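Trainee: My questions all concern the structure below.
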Amino acid sequence: AMQTGGPYNQGYTVTPSDTVNFTQGLTQALWVGGAGVVIAVFEDASTAAFTVTAGTRLDLRIKRVNSTSTTATLMVALYQV
């Protein structure tokens, strides 16, 4: 069974893209190191905007972060495998 909330044992640097999904699949969480807006894309292609402060963990199952309108930086996709 998949757990949430950590601990995570894999992390991948996120490069925001409007078209390219994460090759590792849906995240268990997203770490945001630099404050700003994250445009998260869910499995059904719906999107949501999250305004975050530096050092925020979003417990989201997402397939990518759109580059358009995303201003947050230093993002890491977190996984438990």
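Residue numbers start at 1 in each chain; chains themselves are named A, B, ... in the order of the structure tokens; ligands are numbered from 1 in the order shown.
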Got a sec: who's within 10 Å of Asn66 of chain A, counting only C-alpha atoms, leaving out chain neighbours fewer than 6 positions off, as number ranges by chain?
Mentor: A: 15-21, 38-41, 47, 49
Trainee: Check the smallest atom-to-atom distance from each of A:Thr13, A:Gln24, A:Thr56, A:Thr71 to Val37 of chain A using only C-alpha atoms, then report the winner.
Mentor: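 Closest to Val37 of chain A, using only C-alpha atoms: A:Thr71.
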Trainee: Can you work out which one of A:Ser67, A:Asn9, A:Thr73, A:Thr51 has the shortest atom-to-atom distance to Gln28 of chain A, counting only C-alpha atoms?
Mentor: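 Closest candidate: A:Asn9.
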Trainee: What are the DSSP strand (DSSP E or B) residues of segment 27-79 of chain A, as an NGL selection string?
Mentor: :A and (29-34 or 36-42 or 47-52 or 56-58 or 62-65 or 73-79)
Trainee: From the options A:Ala54, A:Val76, A:Val65, A:Leu60, which residue's atoms come nearest to Gly11 of chain A, counting only C-alpha atoms?
Mentor: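 Checking each of A:Ala54, A:Val76, A:Val65, A:Leu60 against Gly11 of chain A, counting only C-alpha atoms, the winner is A:Val76.
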Trainee: So, counting only C-alpha atoms, which residue among A:Ala35, A:Tyr79, A:Pro7, A:Phe42 is closest to Arg61 of chain A?
Mentor: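 Looking only at the distances to Arg61 of chain A, the closest residue turns out to be A:Phe42.
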Trainee: Quick one: of A:Ser46, A:Ala77, A:Val14, A:Gly25, who's nearest to Asp59 of chain A, counting only C-alpha atoms?
Mentor: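 Looking only at the distances to Asp59 of chain A, the closest residue turns out to be A:Ala77.
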Trainee: Pick the closest to Thr70 of chain A from A:Gly36, A:Phe22, A:Trp31, A:Gly6: which is it, counting only C-alpha atoms?
Mentor: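 Of all the options, A:Gly36 lies closest to Thr70 of chain A.
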